[in-house]
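Asks: The structure that follows is given in the form of structure tokens.
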Amino acid sequence: MIEAYIDGIPWSSLGIGIKRRDIPPLPETRDYTVQIAGRDGEVDFGSEYSPRIITHECVLMANDPTLDYQAKVREIARVFDAKRGDRTITYSDLPGKRYRARYAGTLSIEKIIFDGMFQLPLKMHNPFPESDQENLEELVLTQSPQTLTIESDGDLSASPIFVLTNIGSNTINGFQIKNEYKLE
């Protein structure tokens, strides 16, 4: 069974077992088009991605059908409360990926004796997961001007993060960074 974590808390400690999880390979798109009278088709102004919804088909496992069951329902409501904002979701079968999401939808639990069956939808406003992996490259610039080429191994273009540290005693003036994308 897949183990999921919300801010490091295992879902199994809340009594949740994941039967099935659906993470779409790509989020839905929002297309920007205009139909012009007297012209066939439409004018395409491009598209962008919508938020991504991750759905979980879950089972709530309790030790008894009354007190423990109700305590677990209350704990699930507390932990997944949307008012707490985006939370970090990780999965045991997807190491190195973090999903920033929050509960969105409805949470009705169908009680079956000791257990409950429910759907848990989580919405990622930024539809792409973050990575645990950091490619660190330490470079010392010794001449000016100097050009550095840094390539990303990721699937999608992303804005890099540069951390600059002056290890000398001189003040650096006129420092400039250009972020250019290689076109194929």
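Just so we're on the same page: first chain in the structure tokens is A, next is B, and so on; residues restart at 1 for each chain, and ligands are numbered from 1 in the order they show up.
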Report as JSON, numbers by chain: the residues of chain A with a DSSP assignment of alpha helix (DSSP H), based on the backbone of this structure.
Replies: {"A": [67, 68, 69, 70, 71, 72, 73, 74, 75, 76, 77, 78, 79]}
Asks: Give one line per residue of segment 3-64 of chain A that approaches segment 116-132 of chain A to at most 7 Å, naming the two atoms of the closest pair and their distance in Å to one decimal, counting only C-alpha atoms; sort by chain then ascending residue number and deliver it as a Markdown table.
Replies:
```
| residue | atom | partner | partner_atom | distance |
| --- | --- | --- | --- | --- |
| A:Pro27 | CA | A:Pro127 | CA | 6.6 |
| A:Pro51 | CA | A:His125 | CA | 4.6 |
| A:Arg52 | CA | A:Pro127 | CA | 4.9 |
| A:Ile53 | CA | A:Lys123 | CA | 4.6 |
| A:Ile54 | CA | A:Leu122 | CA | 5.2 |
| A:Thr55 | CA | A:Pro121 | CA | 4.4 |
| A:His56 | CA | A:Leu120 | CA | 5.0 |
| A:Glu57 | CA | A:Gln119 | CA | 4.7 |
| A:Cys58 | CA | A:Phe118 | CA | 5.4 |
| A:Val59 | CA | A:Met117 | CA | 4.6 |
| A:Leu60 | CA | A:Gly116 | CA | 4.7 |
| A:Met61 | CA | A:Gly116 | CA | 6.8 |
```
Asks: To one decimal place in Å, what is the distance between atom CA of Ile18 of chain A and atom CA of Ser50 of chain A?
Replies: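 Computing the Euclidean distance for atom CA of Ile18 of chain A and atom CA of Ser50 of chain A yields 25.2 Å.
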Asks: For the structure I just gave you, how does DSSP split segment 12-158 of chain A - specifically, which residues are strand (DSSP E)? Reply as JSON, numbers by chain.
Replies: {"A": [16, 17, 18, 19, 20, 21, 22, 29, 30, 31, 32, 33, 34, 43, 44, 45, 46, 47, 48, 49, 52, 53, 54, 55, 56, 57, 58, 59, 60, 87, 88, 89, 90, 91, 97, 98, 99, 100, 101, 102, 103, 110, 111, 112, 115, 116, 117, 118, 119, 120, 121, 122, 123, 124, 130, 131]}
Asks: Could you tell me which of A:Asp22, A:Val43, A:Ile112, A:Asp7 comes closest to Arg87 of chain A if we count only C-alpha atoms?
Replies: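 Ranking A:Asp22, A:Val43, A:Ile112, A:Asp7 by distance to Arg87 of chain A, first place goes to A:Asp7.
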Asks: Between segment 85-134 of chain A and segment 66-77 of chain A, at 9 Å or less, what are the per-residue closest atom pairs and their distances in Å? Count only C-alpha atoms, order by chain and rising residue number, and return it as a tab-separated table.
Replies:
```
residue	atom	partner	partner_atom	distance
A:Leu107	CA	A:Ala77	CA	8.7
A:Ile109	CA	A:Val73	CA	8.6
A:Phe114	CA	A:Tyr69	CA	7.0
A:Asp115	CA	A:Tyr69	CA	7.5
A:Gly116	CA	A:Tyr69	CA	8.5
```
Asks: Can those selected residues be exported to a file as a PDB file, in the first residue's frame so that it contains N, CA and C atoms?
Replies:
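Output contents, as saved in again27.pdb:
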```
ATOM      1  N   LEU A 107     -15.909  16.230   1.564  1.00  0.00           N
ATOM      2  CA  LEU A 107     -15.375  15.046   2.240  1.00  0.00           C
ATOM      3  C   LEU A 107     -16.519  14.319   2.929  1.00  0.00           C
ATOM      4  N   ILE A 109     -17.828  10.732   4.137  1.00  0.00           N
ATOM      5  CA  ILE A 109     -17.293   9.407   4.447  1.00  0.00           C
ATOM      6  C   ILE A 109     -18.456   8.427   4.550  1.00  0.00           C
ATOM      7  N   PHE A 114     -16.800  -0.817  10.866  1.00  0.00           N
ATOM      8  CA  PHE A 114     -15.672  -0.183  11.546  1.00  0.00           C
ATOM      9  C   PHE A 114     -14.976   0.851  10.660  1.00  0.00           C
ATOM     10  N   ASP A 115     -15.094   0.688   9.358  1.00  0.00           N
ATOM     11  CA  ASP A 115     -14.318   1.495   8.429  1.00  0.00           C
ATOM     12  C   ASP A 115     -15.193   2.507   7.705  1.00  0.00           C
ATOM     13  N   GLY A 116     -14.532   3.366   6.950  1.00  0.00           N
ATOM     14  CA  GLY A 116     -15.220   4.339   6.114  1.00  0.00           C
ATOM     15  C   GLY A 116     -14.514   4.444   4.779  1.00  0.00           C
TER      16      GLY A 116
END
```
Asks: Go through A:Arg39, A:Arg30, A:Lys83, A:Arg98 one by one, measure the shortest atom-to-atom distance of each to Gly8 of chain A using only C-alpha atoms, and give the residue with the smallest value.
Replies: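 Counting only C-alpha atoms, the residue closest to Gly8 of chain A is A:Arg98.
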Asks: Find the spatial neighbours of Gln35 of chain A, counting only C-alpha atoms, within a cut-off of 12 Å - ignore same-chain residues fewer than 5 positions away - and output them as an NGL selection string.
Replies: :A and (40-45)
Asks: Please report the interatomic distance between atom CA of Asp64 of chain A and atom CA of Thr90 of chain A in Å with one decimal.
Replies: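 Taking atom CA of Asp64 of chain A and atom CA of Thr90 of chain A, their separation equals 28.8 Å.
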Asks: Which is closer to Phe80 of chain A than all the others in A:Asp31, A:Ile23, A:Ser92, A:Trp11, using only C-alpha atoms?
Replies: A:Trp11
Asks: Would you work out the distance separating atom CA of Thr147 of chain A from atom CA of Asn170 of chain A, expressed in Å to one decimal?
Replies: 20.8 Å
Asks: Counting only C-alpha atoms, figure out which residue out of A:Val163, A:Ala62, A:Leu26, A:Ala37 gets nearest to Ser12 of chain A.
Replies: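 Of the candidates, the smallest distance to Ser12 of chain A is held by A:Ala62.
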